[in-house]
>>> print(open('run_35.cif').read())   # mmCIF, C-alpha atoms and all ligand atoms
data_run
loop_
_atom_site.label_atom_id
_atom_site.label_comp_id
_atom_site.auth_asym_id
_atom_site.auth_seq_id
_atom_site.Cartn_x
_atom_site.Cartn_y
_atom_site.Cartn_z
CA MET A 1 -60.70 34.60 -16.24
CA ARG A 2 -59.23 37.91 -17.40
CA PHE A 3 -60.26 41.34 -16.17
CA ASP A 4 -59.13 44.61 -17.81
CA ILE A 5 -59.89 47.64 -15.67
CA LEU A 6 -59.81 51.22 -16.99
CA THR A 7 -59.41 53.74 -14.20
CA LEU A 8 -57.84 57.05 -13.27
CA PHE A 9 -56.77 55.52 -9.95
CA PRO A 10 -55.04 52.18 -10.53
CA GLY A 11 -53.35 52.47 -7.12
CA LEU A 12 -56.71 51.99 -5.40
CA PHE A 13 -56.82 48.37 -6.58
CA THR A 14 -53.37 47.13 -5.62
CA SER A 15 -53.84 46.16 -2.00
CA VAL A 16 -57.43 44.96 -2.46
CA PHE A 17 -56.41 42.55 -5.22
CA ALA A 18 -53.16 41.47 -3.56
CA GLU A 19 -54.90 39.65 -0.70
CA SER A 20 -57.55 37.09 0.09
CA ILE A 21 -59.39 35.11 -2.58
CA VAL A 22 -58.64 37.40 -5.55
CA GLY A 23 -54.94 37.50 -4.58
CA ARG A 24 -54.80 33.72 -4.34
CA ALA A 25 -56.72 33.23 -7.58
CA GLN A 26 -54.11 35.34 -9.38
CA ALA A 27 -51.21 33.53 -7.71
CA ASP A 28 -52.76 30.22 -8.80
CA GLY A 29 -53.05 31.45 -12.41
CA LEU A 30 -56.87 31.23 -12.38
CA VAL A 31 -57.41 34.97 -12.75
CA GLU A 32 -55.50 37.75 -14.53
CA ILE A 33 -56.16 41.41 -13.70
CA HIS A 34 -54.79 44.13 -15.98
CA LEU A 35 -55.04 47.73 -14.76
CA HIS A 36 -54.99 50.51 -17.36
CA ASN A 37 -54.62 54.17 -16.48
CA ILE A 38 -57.03 56.21 -18.61
CA ARG A 39 -54.67 59.18 -18.33
CA ASP A 40 -52.06 57.23 -20.33
CA TYR A 41 -54.43 57.46 -23.33
CA THR A 42 -54.77 61.26 -23.37
CA THR A 43 -53.13 62.96 -26.34
CA ASP A 44 -52.93 66.57 -25.11
CA LYS A 45 -50.07 68.22 -23.27
CA HIS A 46 -51.88 68.41 -19.92
CA HIS A 47 -53.31 64.86 -20.00
CA VAL A 48 -56.85 66.10 -19.49
CA THR A 49 -59.45 63.37 -18.92
CA ASP A 50 -62.56 65.47 -18.16
CA ASP A 51 -64.34 68.62 -19.27
CA THR A 52 -67.42 70.73 -18.55
CA PRO A 53 -70.80 69.37 -19.67
CA TYR A 54 -72.52 70.60 -22.84
CA GLY A 55 -75.73 72.29 -21.78
CA GLY A 56 -74.17 73.62 -18.60
CA GLY A 57 -74.76 72.58 -15.02
CA GLY A 58 -72.24 71.63 -12.40
CA GLY A 59 -69.56 68.99 -12.35
CA MET A 60 -67.24 67.51 -14.91
CA VAL A 61 -67.74 64.78 -17.50
CA MET A 62 -65.11 62.22 -18.50
CA LYS A 63 -64.00 62.72 -22.08
CA ALA A 64 -64.77 60.02 -24.63
CA GLU A 65 -61.54 59.82 -26.62
CA PRO A 66 -59.07 58.62 -23.94
CA ILE A 67 -61.42 55.79 -22.92
CA LEU A 68 -62.15 54.85 -26.56
CA LEU A 69 -58.43 54.80 -27.35
CA ALA A 70 -57.78 52.60 -24.33
CA LEU A 71 -60.51 50.16 -25.43
CA ASP A 72 -59.14 50.03 -29.00
CA ASP A 73 -55.71 49.29 -27.59
CA ILE A 74 -56.91 46.60 -25.14
CA LEU A 75 -59.50 44.81 -27.32
CA GLY A 76 -58.78 45.99 -30.86
CA ALA A 77 -60.91 48.58 -32.61
CA GLU A 78 -62.58 45.94 -34.80
CA LEU A 79 -63.89 43.92 -31.88
CA VAL A 80 -65.13 47.02 -30.05
CA ALA A 81 -67.02 48.20 -33.13
CA ALA A 82 -68.29 44.73 -34.14
CA GLN A 83 -69.80 44.07 -30.72
CA LYS A 84 -71.85 47.24 -30.97
CA ALA A 85 -72.78 46.68 -34.61
CA THR A 86 -73.94 43.08 -34.24
CA GLY A 87 -74.96 42.92 -30.58
CA GLU A 88 -72.91 39.72 -30.36
CA VAL A 89 -70.74 40.17 -27.31
CA GLN A 90 -67.44 38.30 -27.02
CA VAL A 91 -65.90 40.44 -24.30
CA PRO A 92 -68.38 42.48 -22.27
CA VAL A 93 -67.35 46.13 -21.97
CA ILE A 94 -68.93 47.24 -18.72
CA LEU A 95 -69.39 50.77 -17.45
CA LEU A 96 -69.87 51.04 -13.69
CA THR A 97 -72.44 53.74 -13.05
CA PRO A 98 -75.23 54.36 -10.53
CA ALA A 99 -77.49 54.65 -13.61
CA GLY A 100 -76.78 51.05 -14.65
CA ARG A 101 -78.86 47.90 -14.28
CA PRO A 102 -78.46 46.22 -10.89
CA PHE A 103 -75.44 43.92 -10.60
CA ASP A 104 -76.59 40.66 -9.01
CA GLN A 105 -75.52 37.03 -8.62
CA PRO A 106 -77.08 35.84 -11.93
CA THR A 107 -75.20 38.67 -13.71
CA ALA A 108 -71.96 37.60 -12.00
CA ARG A 109 -72.55 34.04 -13.27
CA ARG A 110 -73.17 35.22 -16.83
CA LEU A 111 -70.06 37.42 -16.79
CA GLU A 112 -67.89 34.53 -15.55
CA GLU A 113 -68.96 32.50 -18.58
CA TYR A 114 -67.39 35.02 -20.98
CA GLY A 115 -63.91 34.27 -19.59
CA ARG A 116 -62.90 37.89 -20.09
CA ILE A 117 -64.52 41.23 -19.24
CA VAL A 118 -63.53 44.91 -19.38
CA LEU A 119 -64.57 47.27 -16.58
CA ILE A 120 -64.64 51.06 -17.05
CA CYS A 121 -64.58 53.10 -13.85
CA GLY A 122 -66.38 56.39 -14.35
CA ARG A 123 -65.57 59.40 -12.19
CA TYR A 124 -66.92 62.89 -11.75
CA GLU A 125 -70.54 63.43 -12.83
CA GLY A 126 -70.42 60.77 -15.50
CA VAL A 127 -68.87 59.85 -18.83
CA ASP A 128 -69.53 61.20 -22.32
CA GLU A 129 -72.53 59.24 -23.65
CA ARG A 130 -70.67 58.44 -26.89
CA ILE A 131 -68.58 55.92 -24.95
CA ASN A 132 -71.82 53.99 -24.41
CA GLN A 133 -72.90 54.45 -28.01
CA LEU A 134 -69.58 53.24 -29.43
CA ALA A 135 -68.22 50.66 -27.02
CA VAL A 136 -70.10 49.81 -23.82
CA THR A 137 -72.12 46.58 -23.86
CA HIS A 138 -73.38 46.66 -20.24
CA GLU A 139 -73.97 49.46 -17.71
CA LEU A 140 -74.03 48.12 -14.16
CA SER A 141 -74.76 49.59 -10.73
CA ILE A 142 -73.85 47.89 -7.47
CA GLY A 143 -76.68 49.55 -5.54
CA ASP A 144 -78.94 52.52 -5.10
CA TYR A 145 -76.38 54.92 -3.67
CA VAL A 146 -73.79 57.17 -5.26
CA LEU A 147 -70.07 56.60 -4.84
CA SER A 148 -67.34 58.94 -6.07
CA GLY A 149 -66.39 56.63 -8.88
CA GLY A 150 -66.63 53.16 -10.35
CA GLU A 151 -63.50 51.80 -8.65
CA ILE A 152 -65.16 50.23 -5.61
CA PRO A 153 -68.01 48.88 -7.79
CA ALA A 154 -65.39 47.36 -10.14
CA MET A 155 -63.72 45.68 -7.16
CA ALA A 156 -67.08 44.23 -6.16
CA VAL A 157 -67.65 42.83 -9.66
CA VAL A 158 -64.13 41.34 -9.83
CA GLU A 159 -64.56 39.67 -6.44
CA ALA A 160 -68.06 38.31 -7.15
CA VAL A 161 -67.01 36.93 -10.55
CA THR A 162 -63.68 35.54 -9.31
CA ARG A 163 -65.46 33.48 -6.65
CA LEU A 164 -67.33 31.72 -9.45
CA VAL A 165 -64.24 30.75 -11.46
CA PRO A 166 -63.83 26.97 -11.18
CA GLY A 167 -61.06 26.07 -8.71
CA VAL A 168 -61.03 29.43 -6.92
CA LEU A 169 -63.08 28.26 -3.93
CA GLY A 170 -61.90 24.93 -2.63
CA ASP A 171 -65.23 23.89 -1.15
CA MET A 172 -67.87 24.39 -3.84
CA ARG A 173 -70.64 23.90 -1.30
CA ALA A 174 -69.71 27.31 0.11
CA VAL A 175 -70.66 28.93 -3.23
CA ILE A 176 -73.88 27.01 -3.60
CA ASP A 177 -75.06 27.84 -0.08
CA ASP A 178 -74.08 31.51 -0.28
CA SER A 179 -76.68 34.19 0.16
CA HIS A 180 -78.29 34.77 -3.24
CA SER A 181 -76.87 31.70 -5.01
CA SER A 182 -79.81 29.66 -3.72
CA GLY A 183 -82.22 32.50 -4.44
CA LEU A 184 -82.64 33.13 -0.70
CA LEU A 185 -80.61 35.00 1.91
CA GLU A 186 -78.32 32.79 3.92
CA TYR A 187 -79.32 31.18 7.23
CA PRO A 188 -77.53 32.20 10.49
CA HIS A 189 -74.22 30.54 11.42
CA TYR A 190 -72.73 29.60 14.80
CA THR A 191 -69.31 28.35 15.84
CA LYS A 192 -67.55 27.48 19.12
CA PRO A 193 -67.80 28.26 21.97
CA ALA A 194 -71.29 26.94 22.76
CA GLU A 195 -72.05 30.03 24.84
CA VAL A 196 -71.14 33.65 24.05
CA ARG A 197 -72.02 36.25 26.71
CA GLY A 198 -74.96 34.22 27.88
CA LEU A 199 -76.23 33.34 24.40
CA GLY A 200 -76.33 29.68 23.36
CA VAL A 201 -76.62 27.85 20.05
CA PRO A 202 -79.99 26.58 18.70
CA ASP A 203 -80.39 22.97 19.97
CA VAL A 204 -81.06 21.62 16.49
CA LEU A 205 -77.48 22.44 15.40
CA THR A 206 -75.99 20.21 18.08
CA SER A 207 -78.58 17.44 17.63
CA GLY A 208 -76.58 15.52 15.01
CA ASP A 209 -79.84 15.09 13.06
CA HIS A 210 -78.78 16.26 9.60
CA ALA A 211 -82.24 16.20 8.07
CA ARG A 212 -83.55 18.43 10.85
CA ILE A 213 -80.53 20.74 10.52
CA THR A 214 -81.07 21.10 6.76
CA ARG A 215 -84.76 21.83 7.30
CA TRP A 216 -84.02 24.37 10.06
CA ARG A 217 -81.50 26.19 7.88
CA ARG A 218 -83.92 26.33 5.00
CA GLU A 219 -86.64 27.75 7.25
CA GLN A 220 -84.28 30.34 8.69
CA ALA A 221 -83.32 31.37 5.15
CA LEU A 222 -87.01 31.65 4.25
CA LEU A 223 -87.76 33.71 7.37
CA ARG A 224 -84.88 36.10 6.76
CA THR A 225 -85.68 36.53 3.11
CA ARG A 226 -89.35 37.14 3.82
CA GLU A 227 -88.48 39.79 6.39
CA ARG A 228 -85.59 41.54 4.66
CA ARG A 229 -86.02 40.93 0.93
CA PRO A 230 -89.63 40.09 0.03
CA ASP A 231 -88.72 41.04 -3.58
CA ILE A 232 -86.29 38.11 -3.73
CA LEU A 233 -88.69 35.70 -2.03
CA ALA A 234 -91.30 36.44 -4.70
CA ARG A 235 -88.86 35.19 -7.39
CA ALA A 236 -87.32 32.25 -5.46
CA ALA A 237 -87.87 28.63 -6.45
CA LEU A 238 -89.86 27.23 -3.50
CA SER A 239 -90.79 23.64 -2.75
CA GLU A 240 -94.21 22.62 -1.51
CA GLN A 241 -92.67 22.20 1.94
CA ASP A 242 -91.35 25.78 1.77
CA GLU A 243 -94.79 27.06 0.77
CA ARG A 244 -96.42 25.15 3.64
CA PHE A 245 -93.90 26.61 6.10
CA LEU A 246 -94.47 30.17 4.85
CA SER A 247 -98.25 29.90 4.79
CA GLY A 248 -98.20 28.73 8.42
CA LEU A 249 -96.45 31.93 9.55
CA PRO A 250 -98.20 34.98 10.96
CA ASP A 251 -98.21 38.00 8.58
CA ALA A 252 -94.74 39.37 7.83
CA GLU A 253 -93.80 42.48 9.77
CA SER A 254 -90.34 43.97 9.54
CA SER A 255 -88.92 44.43 13.02
CA GLU A 256 -85.41 45.46 11.96
CA PRO A 257 -84.27 48.92 10.96
CA GLY A 258 -83.55 49.57 7.28
N1 LIG A 301 -70.39 54.81 -9.53
C1 LIG A 301 -70.82 55.59 -8.54
N2 LIG A 301 -71.76 54.98 -7.81
C2 LIG A 301 -71.93 53.75 -8.35
C3 LIG A 301 -72.74 52.63 -8.05
N3 LIG A 301 -73.61 52.64 -7.04
N4 LIG A 301 -72.64 51.53 -8.83
C4 LIG A 301 -71.80 51.51 -9.86
N5 LIG A 301 -70.99 52.54 -10.19
C5 LIG A 301 -71.05 53.65 -9.45
#
>>> encode(input="run_35.cif", output="structure tokens")
Amino acid sequence: MRFDILTLFPGLFTSVFAESIVGRAQADGLVEIHLHNIRDYTTDKHHVTDDTPYGGGGGMVMKAEPILLALDDILGAELVAAQKATGEVQVPVILLTPAGRPFDQPTARRLEEYGRIVLICGRYEGVDERINQLAVTHELSIGDYVLSGGEIPAMAVVEAVTRLVPGVLGDMRAVIDDSHSSGLLEYPHYTKPAEVRGLGVPDVLTSGDHARITRWRREQALLRTRERRPDILARAALSEQDERFLSGLPDAESSEPG
């Protein structure tokens, strides 16, 4: 899997990508990450990457030309243009923006299948819309809040997609059971010791009865999802047993903050 990242702050990525799963995936040759400084593609004396918005208002807008030049250099101008002209995407060109479609686990899976993606980190108030018109194939948001730029969102996309690259996670069961992969939030986990500050472990987990453990975990996942993310529960693939369990519960009432 290859990632090309266009940013004004390549230094932000170095330590994040050097460690943990993404670091190991690169060391193992499963993932390649290429950082490109947008400023290197400016053609003026002062290396300006932003300007004031047409129509007025506050803030600055990232200029189109440096980003378009970077994309032509990284992917080739023909591919960039052909993807927009035909709608047939070979290498997704993704702009991270709070105005994008939500980035979720199914999107991560689809992106992994391309084998290569380009991530553009916007800054300031936004980017010149002609970048979208000429090159961007996907606009993605990592959540309904505003960050100062697309760098942290790009890190999130790289990490979520890297975890799906075959061979990156040793134990594939960990991916399958993850929150969201199953369509439900994950069940609660416990590890040793058996008692922590007076709190024990649910008896079922020490029963050795694997069928009961599987059922308990599923029910916990259903309970959590119903309470915290009813929107996800409505879309989840549920068995008849799941439906029976849910219909036997008293009406959902959120007891947690947020
Ligand atoms: N840039 C700033 N905020 C963002 C968000 N929530 N998602 C993606 N890109 C962003």
>>> closest_atom_pairs(input="run_35.cif", of="chain A", to="ligand LIG 301 (chain A)", cutoff="12 Å", atoms="all atoms listed in the file", output="tab-separated table")
residue	atom	partner	partner_atom	distance
A:Thr7	CA	A:LIG301	N1	12.0
A:Ile94	CA	A:LIG301	C4	10.2
A:Leu95	CA	A:LIG301	N5	7.6
A:Leu96	CA	A:LIG301	N5	4.0
A:Thr97	CA	A:LIG301	N5	3.4
A:Pro98	CA	A:LIG301	C3	3.9
A:Ala99	CA	A:LIG301	N4	7.5
A:Gly100	CA	A:LIG301	C4	6.9
A:Arg101	CA	A:LIG301	N4	9.0
A:Pro102	CA	A:LIG301	N4	8.1
A:Phe103	CA	A:LIG301	N4	8.3
A:Asp104	CA	A:LIG301	N4	11.6
A:Leu119	CA	A:LIG301	N5	10.5
A:Ile120	CA	A:LIG301	N5	9.5
A:Cys121	CA	A:LIG301	N5	7.4
A:Gly122	CA	A:LIG301	N1	6.5
A:Arg123	CA	A:LIG301	N1	7.2
A:Tyr124	CA	A:LIG301	C1	8.9
A:Glu125	CA	A:LIG301	C1	8.9
A:Gly126	CA	A:LIG301	N1	8.4
A:Val127	CA	A:LIG301	N1	10.7
A:His138	CA	A:LIG301	C4	11.6
A:Glu139	CA	A:LIG301	C4	8.4
A:Leu140	CA	A:LIG301	C4	5.9
A:Ser141	CA	A:LIG301	N4	3.4
A:Ile142	CA	A:LIG301	N4	4.1
A:Gly143	CA	A:LIG301	N3	4.6
A:Asp144	CA	A:LIG301	N3	5.7
A:Tyr145	CA	A:LIG301	N3	4.9
A:Val146	CA	A:LIG301	N2	3.9
A:Leu147	CA	A:LIG301	N2	3.8
A:Ser148	CA	A:LIG301	C1	5.4
A:Gly149	CA	A:LIG301	N1	4.4
A:Gly150	CA	A:LIG301	N1	4.2
A:Glu151	CA	A:LIG301	N1	7.6
A:Ile152	CA	A:LIG301	N5	7.8
A:Pro153	CA	A:LIG301	C4	5.1
A:Ala154	CA	A:LIG301	N5	7.6
A:Met155	CA	A:LIG301	C4	10.3
A:Ala156	CA	A:LIG301	C4	9.4
A:Val157	CA	A:LIG301	C4	9.6
>>> residues_near_point(input="run_35.cif", point="(-74.5, 68.2, -26.8)", cutoff="10 Å", atoms="all atoms listed in the file", output="list in words")
Pro53, Tyr54, Gly55, Gly56, Asp128 and Glu129 of chain A
>>> closest_atom_pairs(input="run_35.cif", of="range 66-132 of chain A", to="range 19-40 of chain A", cutoff="8 Å", atoms="only C-alpha atoms", output="tab-separated table")
residue	atom	partner	partner_atom	distance
A:Pro66	CA	A:Ile38	CA	6.2
A:Ile67	CA	A:Ile38	CA	6.2
A:Ala70	CA	A:Ile38	CA	6.8
>>> atom_distance(input="run_35.cif", atom1="CA of Gly200 in chain A", atom2="CA of Pro188 in chain A")
13.2 Å
>>> atom_distance(input="run_35.cif", atom1="CA of Trp216 in chain A", atom2="CA of Ala194 in chain A")
18.2 Å
>>> atom_distance(input="run_35.cif", atom1="CA of Arg224 in chain A", atom2="CA of Val204 in chain A")
17.9 Å
>>> closest_residue(input="run_35.cif", among="A:Ala237, A:Val93, A:Leu164, A:Leu199", to="Phe3 in chain A", atoms="all atoms listed in the file")
A:Val93
>>> closest_residue(input="run_35.cif", among="A:Lys63, A:His46, A:Arg235, A:Arg110", to="His180 in chain A", atoms="all atoms listed in the file")
A:Arg235
>>> closest_residue(input="run_35.cif", among="A:Ala135, A:Met60, A:Val196, A:Met1", to="Gly115 in chain A", atoms="all atoms listed in the file")
A:Met1
>>> closest_residue(input="run_35.cif", among="A:Leu111, A:Val91, A:Ile131, A:Ala81", to="Met62 in chain A", atoms="all atoms listed in the file")
A:Ile131
>>> closest_residue(input="run_35.cif", among="A:Gly198, A:Ser182, A:Asp209, A:Tyr190", to="Leu238 in chain A", atoms="all atoms listed in the file")
A:Ser182
>>> residues_around(input="run_35.cif", residues="Asp231 in chain A", least_positions_apart="6", cutoff="12 Å", atoms="all atoms listed in the file", output="PyMOL selection string")
chain A and resi 183-185+225
>>> residues_around(input="run_35.cif", residues="His189 in chain A", least_positions_apart="3", cutoff="10 Å", atoms="only C-alpha atoms", output="list of chain:residue names")
A:Glu186, A:Val201, A:Leu205, A:Arg217
>>> closest_residue(input="run_35.cif", among="A:Tyr187, A:Phe245, A:Phe17, A:Tyr41", to="Thr162 in chain A", atoms="only C-alpha atoms")
A:Phe17
>>> residues_around(input="run_35.cif", residues="Arg226 in chain A", least_positions_apart="2", cutoff="12 Å", atoms="all atoms listed in the file", output="number ranges by chain")
A: 183-186, 219-224, 228-236, 242-243, 245-247, 249-255
>>> write_last_selection(input="run_35.cif", atoms="C-alpha atoms", output="CSV table (one decimal), in the frame of the given file")
chain,number,residue,atom,x,y,z
A,183,GLY,CA,-82.2,32.5,-4.4
A,184,LEU,CA,-82.6,33.1,-0.7
A,185,LEU,CA,-80.6,35.0,1.9
A,186,GLU,CA,-78.3,32.8,3.9
A,219,GLU,CA,-86.6,27.8,7.2
A,220,GLN,CA,-84.3,30.3,8.7
A,221,ALA,CA,-83.3,31.4,5.2
A,222,LEU,CA,-87.0,31.6,4.2
A,223,LEU,CA,-87.8,33.7,7.4
A,224,ARG,CA,-84.9,36.1,6.8
A,228,ARG,CA,-85.6,41.5,4.7
A,229,ARG,CA,-86.0,40.9,0.9
A,230,PRO,CA,-89.6,40.1,0.0
A,231,ASP,CA,-88.7,41.0,-3.6
A,232,ILE,CA,-86.3,38.1,-3.7
A,233,LEU,CA,-88.7,35.7,-2.0
A,234,ALA,CA,-91.3,36.4,-4.7
A,235,ARG,CA,-88.9,35.2,-7.4
A,236,ALA,CA,-87.3,32.2,-5.5
A,242,ASP,CA,-91.4,25.8,1.8
A,243,GLU,CA,-94.8,27.1,0.8
A,245,PHE,CA,-93.9,26.6,6.1
A,246,LEU,CA,-94.5,30.2,4.8
A,247,SER,CA,-98.2,29.9,4.8
A,249,LEU,CA,-96.4,31.9,9.6
A,250,PRO,CA,-98.2,35.0,11.0
A,251,ASP,CA,-98.2,38.0,8.6
A,252,ALA,CA,-94.7,39.4,7.8
A,253,GLU,CA,-93.8,42.5,9.8
A,254,SER,CA,-90.3,44.0,9.5
A,255,SER,CA,-88.9,44.4,13.0
>>> build_atoms(input="run_35.cif", residues="range 54-65 of chain A", atoms="N, CA and C atoms", output="JSON list (two decimals), in the coordinates of the input")
[["chain", "number", "residue", "atom", "x", "y", "z"],
["A", 54, "TYR", "N", -71.69, 69.84, -21.90],
["A", 54, "TYR", "CA", -72.52, 70.60, -22.84],
["A", 54, "TYR", "C", -73.87, 70.80, -22.18],
["A", 55, "GLY", "N", -74.41, 71.99, -22.36],
["A", 55, "GLY", "CA", -75.73, 72.29, -21.78],
["A", 55, "GLY", "C", -75.62, 72.91, -20.40],
["A", 56, "GLY", "N", -74.40, 72.97, -19.89],
["A", 56, "GLY", "CA", -74.17, 73.62, -18.60],
["A", 56, "GLY", "C", -74.49, 72.74, -17.42],
["A", 57, "GLY", "N", -74.55, 73.34, -16.26],
["A", 57, "GLY", "CA", -74.76, 72.58, -15.02],
["A", 57, "GLY", "C", -73.42, 72.33, -14.37],
["A", 58, "GLY", "N", -73.48, 71.81, -13.16],
["A", 58, "GLY", "CA", -72.24, 71.63, -12.40],
["A", 58, "GLY", "C", -71.50, 70.37, -12.81],
["A", 59, "GLY", "N", -70.32, 70.24, -12.23],
["A", 59, "GLY", "CA", -69.56, 68.99, -12.35],
["A", 59, "GLY", "C", -68.81, 68.86, -13.65],
["A", 60, "MET", "N", -68.08, 67.78, -13.75],
["A", 60, "MET", "CA", -67.24, 67.51, -14.91],
["A", 60, "MET", "C", -67.65, 66.16, -15.50],
["A", 61, "VAL", "N", -67.39, 66.01, -16.79],
["A", 61, "VAL", "CA", -67.74, 64.78, -17.50],
["A", 61, "VAL", "C", -66.46, 64.17, -18.07],
["A", 62, "MET", "N", -66.31, 62.87, -17.94],
["A", 62, "MET", "CA", -65.11, 62.22, -18.50],
["A", 62, "MET", "C", -65.17, 62.23, -20.02],
["A", 63, "LYS", "N", -64.06, 62.61, -20.63],
["A", 63, "LYS", "CA", -64.00, 62.72, -22.08],
["A", 63, "LYS", "C", -64.05, 61.35, -22.74],
["A", 64, "ALA", "N", -64.60, 61.30, -23.95],
["A", 64, "ALA", "CA", -64.77, 60.02, -24.63],
["A", 64, "ALA", "C", -63.45, 59.47, -25.18],
["A", 65, "GLU", "N", -62.65, 60.33, -25.81],
["A", 65, "GLU", "CA", -61.54, 59.82, -26.62],
["A", 65, "GLU", "C", -60.50, 59.00, -25.83]]
